[in-house]
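So this one's my_file-v8.cif, mmCIF, C-alpha atoms:
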```
data_coords
loop_
_atom_site.label_atom_id
_atom_site.label_comp_id
_atom_site.auth_asym_id
_atom_site.auth_seq_id
_atom_site.Cartn_x
_atom_site.Cartn_y
_atom_site.Cartn_z
CA ASN A 1 -171.79 -82.60 58.01
CA ALA A 2 -173.37 -83.34 61.39
CA GLY A 3 -176.74 -84.65 60.11
CA VAL A 4 -179.24 -84.63 62.98
CA THR A 5 -178.07 -83.39 66.36
CA GLN A 6 -180.01 -84.02 69.55
CA THR A 7 -179.42 -82.58 72.99
CA PRO A 8 -179.15 -83.64 75.73
CA LYS A 9 -177.96 -87.24 75.34
CA PHE A 10 -179.04 -88.23 78.84
CA GLN A 11 -181.48 -86.70 81.31
CA VAL A 12 -183.01 -87.65 84.64
CA LEU A 13 -186.15 -85.80 85.67
CA LYS A 14 -188.35 -85.91 88.70
CA THR A 15 -192.06 -86.49 88.21
CA GLY A 16 -193.75 -83.19 87.41
CA GLN A 17 -190.66 -81.43 86.11
CA SER A 18 -190.59 -79.99 82.61
CA MET A 19 -187.91 -80.05 79.96
CA THR A 20 -187.32 -79.48 76.28
CA LEU A 21 -185.46 -81.85 74.00
CA GLN A 22 -183.66 -80.07 71.20
CA CYS A 23 -183.15 -81.30 67.64
CA ALA A 24 -181.41 -79.63 64.71
CA GLN A 25 -180.63 -80.88 61.21
CA ASP A 26 -178.24 -79.40 58.68
CA MET A 27 -179.41 -81.27 55.58
CA ASN A 28 -182.07 -78.74 54.56
CA HIS A 29 -184.75 -81.40 55.01
CA ASN A 30 -188.38 -80.35 54.94
CA SER A 31 -189.81 -82.92 57.35
CA MET A 32 -188.87 -83.62 60.95
CA TYR A 33 -190.13 -86.19 63.44
CA TRP A 34 -190.02 -87.14 67.09
CA TYR A 35 -190.15 -90.82 68.07
CA ARG A 36 -189.95 -92.70 71.29
CA GLN A 37 -188.58 -96.22 71.55
CA ASP A 38 -189.48 -98.55 74.38
CA PRO A 39 -188.45 -102.18 74.86
CA GLY A 40 -190.83 -104.49 73.01
CA MET A 41 -192.78 -101.57 71.56
CA GLY A 42 -190.65 -100.48 68.66
CA LEU A 43 -190.48 -96.89 67.46
CA ARG A 44 -193.65 -94.85 67.89
CA LEU A 45 -194.23 -91.46 66.33
CA ILE A 46 -195.02 -88.69 68.81
CA TYR A 47 -195.27 -85.62 66.56
CA TYR A 48 -194.10 -84.67 63.13
CA SER A 49 -193.62 -81.54 61.07
CA ALA A 50 -194.16 -81.99 57.36
CA SER A 51 -192.68 -78.60 56.60
CA GLU A 52 -191.62 -75.43 58.34
CA GLY A 53 -194.59 -73.87 60.09
CA THR A 54 -196.67 -77.04 60.43
CA THR A 55 -196.87 -79.69 63.12
CA ASP A 56 -199.17 -82.69 63.53
CA LYS A 57 -199.83 -85.39 66.06
CA GLY A 58 -198.48 -88.85 65.59
CA GLU A 59 -199.44 -92.08 67.30
CA VAL A 60 -198.64 -91.11 70.92
CA PRO A 61 -198.82 -87.30 71.36
CA ASN A 62 -200.34 -87.09 74.85
CA GLY A 63 -198.11 -85.36 77.37
CA TYR A 64 -195.93 -83.72 74.72
CA ASN A 65 -195.79 -80.49 72.74
CA VAL A 66 -193.57 -79.52 69.83
CA SER A 67 -192.28 -76.42 68.12
CA ARG A 68 -190.87 -76.18 64.63
CA LEU A 69 -188.74 -73.17 65.32
CA ASN A 70 -187.41 -72.88 61.77
CA LYS A 71 -186.48 -75.28 58.99
CA ARG A 72 -183.52 -76.61 60.96
CA GLU A 73 -184.94 -77.02 64.46
CA PHE A 74 -187.74 -79.09 65.95
CA SER A 75 -188.08 -79.26 69.72
CA LEU A 76 -190.08 -81.58 71.95
CA ARG A 77 -191.38 -80.39 75.31
CA LEU A 78 -192.55 -82.39 78.28
CA GLU A 79 -194.61 -80.01 80.43
CA SER A 80 -195.05 -82.31 83.43
CA ALA A 81 -192.93 -85.43 83.19
CA ALA A 82 -194.36 -88.78 84.24
CA PRO A 83 -192.58 -92.11 84.81
CA SER A 84 -194.43 -93.48 81.74
CA GLN A 85 -192.37 -91.05 79.66
CA THR A 86 -189.15 -92.84 80.56
CA SER A 87 -187.87 -93.83 77.14
CA VAL A 88 -185.31 -93.23 74.44
CA TYR A 89 -186.32 -90.31 72.24
CA PHE A 90 -185.16 -90.02 68.64
CA CYS A 91 -185.47 -87.07 66.35
CA ALA A 92 -185.38 -87.70 62.60
CA SER A 93 -185.58 -85.75 59.40
CA SER A 94 -186.34 -86.49 55.76
CA GLU A 95 -186.57 -84.63 52.50
CA SER A 96 -190.19 -85.68 52.01
CA TRP A 97 -192.73 -88.15 53.38
CA ASP A 98 -191.62 -91.04 51.20
CA ASP A 99 -187.90 -90.61 51.71
CA GLY A 100 -185.82 -92.48 54.21
CA TYR A 101 -185.15 -90.84 57.54
CA THR A 102 -181.92 -89.71 59.13
CA PHE A 103 -182.01 -90.15 62.89
CA GLY A 104 -180.23 -88.33 65.66
CA SER A 105 -178.29 -90.32 68.24
CA GLY A 106 -181.13 -90.19 70.77
CA THR A 107 -181.89 -88.85 74.24
CA ARG A 108 -182.18 -91.34 77.08
CA LEU A 109 -184.73 -89.91 79.49
CA THR A 110 -185.52 -91.33 82.90
CA VAL A 111 -188.38 -89.93 84.96
CA VAL A 112 -188.27 -90.91 88.63
CA ARG B 1 -203.54 -108.11 62.97
CA LYS B 2 -200.79 -105.58 63.69
CA GLU B 3 -200.10 -103.05 60.96
CA VAL B 4 -196.53 -104.18 60.53
CA GLU B 5 -195.27 -107.48 61.90
CA GLN B 6 -191.79 -108.91 62.18
CA ASP B 7 -190.48 -112.07 63.78
CA PRO B 8 -188.43 -110.73 66.71
CA GLY B 9 -185.95 -113.64 66.51
CA PRO B 10 -183.17 -113.79 67.42
CA PHE B 11 -181.84 -115.41 64.30
CA ASN B 12 -178.58 -117.10 65.21
CA VAL B 13 -176.46 -117.86 62.15
CA PRO B 14 -172.80 -118.72 61.53
CA GLU B 15 -170.53 -116.45 59.54
CA GLY B 16 -170.97 -116.98 55.84
CA ALA B 17 -174.59 -118.09 56.10
CA THR B 18 -177.47 -116.68 54.12
CA VAL B 19 -180.38 -115.40 56.19
CA ALA B 20 -183.71 -113.88 55.25
CA PHE B 21 -186.26 -111.85 57.19
CA ASN B 22 -189.81 -111.06 56.28
CA CYS B 23 -192.03 -108.18 57.31
CA THR B 24 -195.78 -108.33 56.73
CA TYR B 25 -198.04 -105.31 56.51
CA SER B 26 -201.80 -105.10 56.74
CA ASN B 27 -202.71 -102.03 54.69
CA SER B 28 -202.79 -102.75 50.99
CA ALA B 29 -202.60 -98.99 50.27
CA SER B 30 -199.04 -98.84 51.64
CA GLN B 31 -196.75 -97.08 49.24
CA SER B 32 -193.19 -96.87 50.50
CA PHE B 33 -191.06 -99.44 52.24
CA PHE B 34 -187.66 -99.39 53.88
CA TRP B 35 -185.27 -101.53 55.88
CA TYR B 36 -183.30 -99.97 58.72
CA ARG B 37 -180.52 -101.38 60.83
CA GLN B 38 -180.21 -100.58 64.53
CA ASP B 39 -177.21 -101.49 66.63
CA CYS B 40 -177.59 -101.88 70.38
CA ARG B 41 -178.20 -98.51 72.06
CA LYS B 42 -177.74 -96.64 68.79
CA GLU B 43 -180.04 -94.85 66.39
CA PRO B 44 -181.64 -96.64 63.43
CA LYS B 45 -179.82 -96.18 60.14
CA LEU B 46 -181.31 -96.55 56.70
CA LEU B 47 -180.15 -99.78 55.11
CA MET B 48 -182.12 -99.71 51.89
CA SER B 49 -185.37 -98.72 50.25
CA VAL B 50 -187.56 -101.47 48.87
CA TYR B 51 -188.82 -101.09 45.34
CA SER B 52 -191.48 -103.06 43.51
CA SER B 53 -188.84 -104.45 41.16
CA GLY B 54 -186.61 -105.47 44.06
CA ASN B 55 -183.20 -104.01 44.74
CA GLU B 56 -179.77 -105.21 45.66
CA ASP B 57 -176.87 -103.54 47.46
CA GLY B 58 -173.85 -105.76 47.74
CA ARG B 59 -174.75 -108.70 49.97
CA PHE B 60 -178.21 -107.32 50.73
CA THR B 61 -181.32 -107.87 48.63
CA ALA B 62 -184.73 -106.40 49.38
CA GLN B 63 -187.95 -107.46 47.73
CA LEU B 64 -191.58 -106.44 47.84
CA ASN B 65 -194.50 -108.79 47.34
CA ARG B 66 -197.62 -106.63 47.07
CA ALA B 67 -199.96 -109.57 46.45
CA SER B 68 -199.03 -111.21 49.74
CA GLN B 69 -198.26 -107.89 51.46
CA TYR B 70 -194.78 -108.49 52.71
CA ILE B 71 -191.26 -107.23 52.20
CA SER B 72 -188.15 -109.29 52.64
CA LEU B 73 -184.47 -108.75 53.34
CA LEU B 74 -181.88 -111.32 52.29
CA ILE B 75 -178.34 -111.15 53.61
CA ARG B 76 -175.73 -113.32 51.88
CA ASP B 77 -172.33 -114.28 53.27
CA SER B 78 -173.17 -112.99 56.76
CA LYS B 79 -170.45 -111.13 58.65
CA LEU B 80 -170.03 -110.70 62.39
CA SER B 81 -170.65 -107.00 61.81
CA ASP B 82 -174.14 -107.76 60.44
CA SER B 83 -175.28 -108.54 64.00
CA ALA B 84 -177.97 -105.97 64.73
CA THR B 85 -181.71 -105.47 64.82
CA TYR B 86 -183.38 -104.98 61.43
CA LEU B 87 -186.46 -102.78 61.34
CA CYS B 88 -188.93 -102.57 58.50
CA VAL B 89 -190.85 -99.38 57.83
CA VAL B 90 -194.09 -99.06 55.91
CA ILE B 91 -195.55 -95.73 54.79
CA LYS B 92 -199.17 -95.46 53.68
CA GLY B 93 -198.97 -92.21 51.79
CA SER B 94 -199.20 -89.89 54.76
CA TYR B 95 -196.47 -88.60 56.97
CA ILE B 96 -197.08 -91.30 59.54
CA PRO B 97 -194.77 -94.26 58.97
CA THR B 98 -195.18 -97.49 60.86
CA PHE B 99 -192.12 -99.25 62.16
CA GLY B 100 -191.97 -102.94 62.81
CA ARG B 101 -190.61 -103.99 66.19
CA GLY B 102 -187.50 -105.41 64.59
CA THR B 103 -185.80 -108.73 63.97
CA SER B 104 -182.64 -109.48 65.91
CA LEU B 105 -179.76 -111.08 64.02
CA ILE B 106 -176.75 -112.62 65.74
CA VAL B 107 -173.91 -113.79 63.54
CA HIS B 108 -171.44 -116.03 65.37
CA PRO B 109 -167.95 -117.25 64.39
#
```
As structure tokens - that is how I would like this structure written.
Amino acid sequence: NAGVTQTPKFQVLKTGQSMTLQCAQDMNHNSMYWYRQDPGMGLRLIYYSASEGTTDKGEVPNGYNVSRLNKREFSLRLESAAPSQTSVYFCASSESWDDGYTFGSGTRLTVV
Amino acid sequence: RKEVEQDPGPFNVPEGATVAFNCTYSNSASQSFFWYRQDCRKEPKLLMSVYSSGNEDGRFTAQLNRASQYISLLIRDSKLSDSATYLCVVIKGSYIPTFGRGTSLIVHP
């Protein structure tokens, strides 16, 4: 039982490059989330998907897009990376909005 | 006032000590509450949910005080392995949870 799997674990991008962070869960959870974590800022929600086929903006959506490909997979895309997007990105899933979350192990992204 | 506030610490305690953290929240309509543990450079992991009646899991006790709008986490008989950052999470009844910035705990021999 893998839980939540994120790829890649590490990535270095140049300013202006694009990339997609992948996330998959095998717990049959309905809801999936993308967070970023920065020193001193805590975890901030970028986008979430309450259920398959829906996505909504979180607290800090600018510069990102998401796709809920199916119930298992929720990807995060940076179209034109900026140094301000240097962060640790966590994907999470939950059965419903008031359940606890299971997090992936994170992607450490550096934009130079 | 921030939506969810935690004392960042660090709390430095000896093994065997009892330590307590609080987390205050500003929205009285908040409905669900959790404590997570995060080790350095790792993902957060759910420690426990916080119920109105309070709940206990081994050495850990979580309580909710709706009147004063805070949740607490009590750790008894601290172990070296309890050293971590403890995050509180408050959910207002939408899909947008709010995480506190975390309280750092260091347990020393």
Checklist entry - Any idea what the distance is between atom CA of Gln31 of chain B and atom CA of Ile91 of chain B? => result 5.8 Å
Checklist entry - What is the distance between atom CA of Glu43 of chain B and atom CA of Tyr35 of chain A, in Å to one decimal? => result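 Computed distance, atom CA of Glu43 of chain B to atom CA of Tyr35 of chain A, equals 11.0 Å.
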Item to check | Residue list for chain B near chain A as number ranges by chain, 10 Å, all atoms listed in the file | outcome: B: 8, 31-36, 41-49, 87, 89-102
Atoms kept (C-alpha atoms) for selection, written as an mmCIF file, in the frame of the given file:
```cif
data_model
loop_
_atom_site.group_PDB
_atom_site.id
_atom_site.type_symbol
_atom_site.label_atom_id
_atom_site.label_comp_id
_atom_site.auth_asym_id
_atom_site.auth_seq_id
_atom_site.Cartn_x
_atom_site.Cartn_y
_atom_site.Cartn_z
ATOM 1 C CA PRO B 8 -188.430 -110.730 66.710
ATOM 2 C CA GLN B 31 -196.750 -97.080 49.240
ATOM 3 C CA SER B 32 -193.190 -96.870 50.500
ATOM 4 C CA PHE B 33 -191.060 -99.440 52.240
ATOM 5 C CA PHE B 34 -187.660 -99.390 53.880
ATOM 6 C CA TRP B 35 -185.270 -101.530 55.880
ATOM 7 C CA TYR B 36 -183.300 -99.970 58.720
ATOM 8 C CA ARG B 41 -178.200 -98.510 72.060
ATOM 9 C CA LYS B 42 -177.740 -96.640 68.790
ATOM 10 C CA GLU B 43 -180.040 -94.850 66.390
ATOM 11 C CA PRO B 44 -181.640 -96.640 63.430
ATOM 12 C CA LYS B 45 -179.820 -96.180 60.140
ATOM 13 C CA LEU B 46 -181.310 -96.550 56.700
ATOM 14 C CA LEU B 47 -180.150 -99.780 55.110
ATOM 15 C CA MET B 48 -182.120 -99.710 51.890
ATOM 16 C CA SER B 49 -185.370 -98.720 50.250
ATOM 17 C CA LEU B 87 -186.460 -102.780 61.340
ATOM 18 C CA VAL B 89 -190.850 -99.380 57.830
ATOM 19 C CA VAL B 90 -194.090 -99.060 55.910
ATOM 20 C CA ILE B 91 -195.550 -95.730 54.790
ATOM 21 C CA LYS B 92 -199.170 -95.460 53.680
ATOM 22 C CA GLY B 93 -198.970 -92.210 51.790
ATOM 23 C CA SER B 94 -199.200 -89.890 54.760
ATOM 24 C CA TYR B 95 -196.470 -88.600 56.970
ATOM 25 C CA ILE B 96 -197.080 -91.300 59.540
ATOM 26 C CA PRO B 97 -194.770 -94.260 58.970
ATOM 27 C CA THR B 98 -195.180 -97.490 60.860
ATOM 28 C CA PHE B 99 -192.120 -99.250 62.160
ATOM 29 C CA GLY B 100 -191.970 -102.940 62.810
ATOM 30 C CA ARG B 101 -190.610 -103.990 66.190
ATOM 31 C CA GLY B 102 -187.500 -105.410 64.590
#
```
Checklist entry - What is the distance, in Å and to one decimal place, between atom CA of Val112 of chain A and atom CA of Ala81 of chain A? => result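 Result for atom CA of Val112 of chain A versus atom CA of Ala81 of chain A: 9.0 Å, one decimal.
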Checklist entry - For the file shown, what are the residues hit by the PyMOL selection byres ((chain B and resi 75) around 10), laid out as a ChimeraX atom specification? => result /B:16-21,57-62,73-74,76-79,82
Checklist entry - Mind telling me what the PyMOL selection byres ((chain A and resi 24) around 8) catches here, as a ChimeraX atom specification? => result /A:4-6,22-23,25-26,72-74
Residues within 12 Å of (-192.0, -80.7, 79.9), counting all atoms listed in the file, listed as a PDB file with C-alpha atoms, keeping the file's coordinate frame:
```
ATOM      1  CA  LEU A  13    -186.150 -85.800  85.670  1.00  0.00           C
ATOM      2  CA  LYS A  14    -188.350 -85.910  88.700  1.00  0.00           C
ATOM      3  CA  THR A  15    -192.060 -86.490  88.210  1.00  0.00           C
ATOM      4  CA  GLY A  16    -193.750 -83.190  87.410  1.00  0.00           C
ATOM      5  CA  GLN A  17    -190.660 -81.430  86.110  1.00  0.00           C
ATOM      6  CA  SER A  18    -190.590 -79.990  82.610  1.00  0.00           C
ATOM      7  CA  MET A  19    -187.910 -80.050  79.960  1.00  0.00           C
ATOM      8  CA  THR A  20    -187.320 -79.480  76.280  1.00  0.00           C
ATOM      9  CA  LEU A  21    -185.460 -81.850  74.000  1.00  0.00           C
ATOM     10  CA  ASN A  62    -200.340 -87.090  74.850  1.00  0.00           C
ATOM     11  CA  GLY A  63    -198.110 -85.360  77.370  1.00  0.00           C
ATOM     12  CA  TYR A  64    -195.930 -83.720  74.720  1.00  0.00           C
ATOM     13  CA  ASN A  65    -195.790 -80.490  72.740  1.00  0.00           C
ATOM     14  CA  VAL A  66    -193.570 -79.520  69.830  1.00  0.00           C
ATOM     15  CA  SER A  75    -188.080 -79.260  69.720  1.00  0.00           C
ATOM     16  CA  LEU A  76    -190.080 -81.580  71.950  1.00  0.00           C
ATOM     17  CA  ARG A  77    -191.380 -80.390  75.310  1.00  0.00           C
ATOM     18  CA  LEU A  78    -192.550 -82.390  78.280  1.00  0.00           C
ATOM     19  CA  GLU A  79    -194.610 -80.010  80.430  1.00  0.00           C
ATOM     20  CA  SER A  80    -195.050 -82.310  83.430  1.00  0.00           C
ATOM     21  CA  ALA A  81    -192.930 -85.430  83.190  1.00  0.00           C
ATOM     22  CA  ALA A  82    -194.360 -88.780  84.240  1.00  0.00           C
ATOM     23  CA  GLN A  85    -192.370 -91.050  79.660  1.00  0.00           C
ATOM     24  CA  LEU A 109    -184.730 -89.910  79.490  1.00  0.00           C
ATOM     25  CA  VAL A 111    -188.380 -89.930  84.960  1.00  0.00           C
TER      26      VAL A 111
END
```
Checklist entry - Can you tell me, as a list in words, what residues are no more than 6 Å from segment 68-70 of chain B when counting only C-alpha atoms, ignoring any on the same chain fewer than 5 positions away? => result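 So, after excluding close chain neighbours, the residues are Cys23, Thr24 and Tyr25 of chain B.
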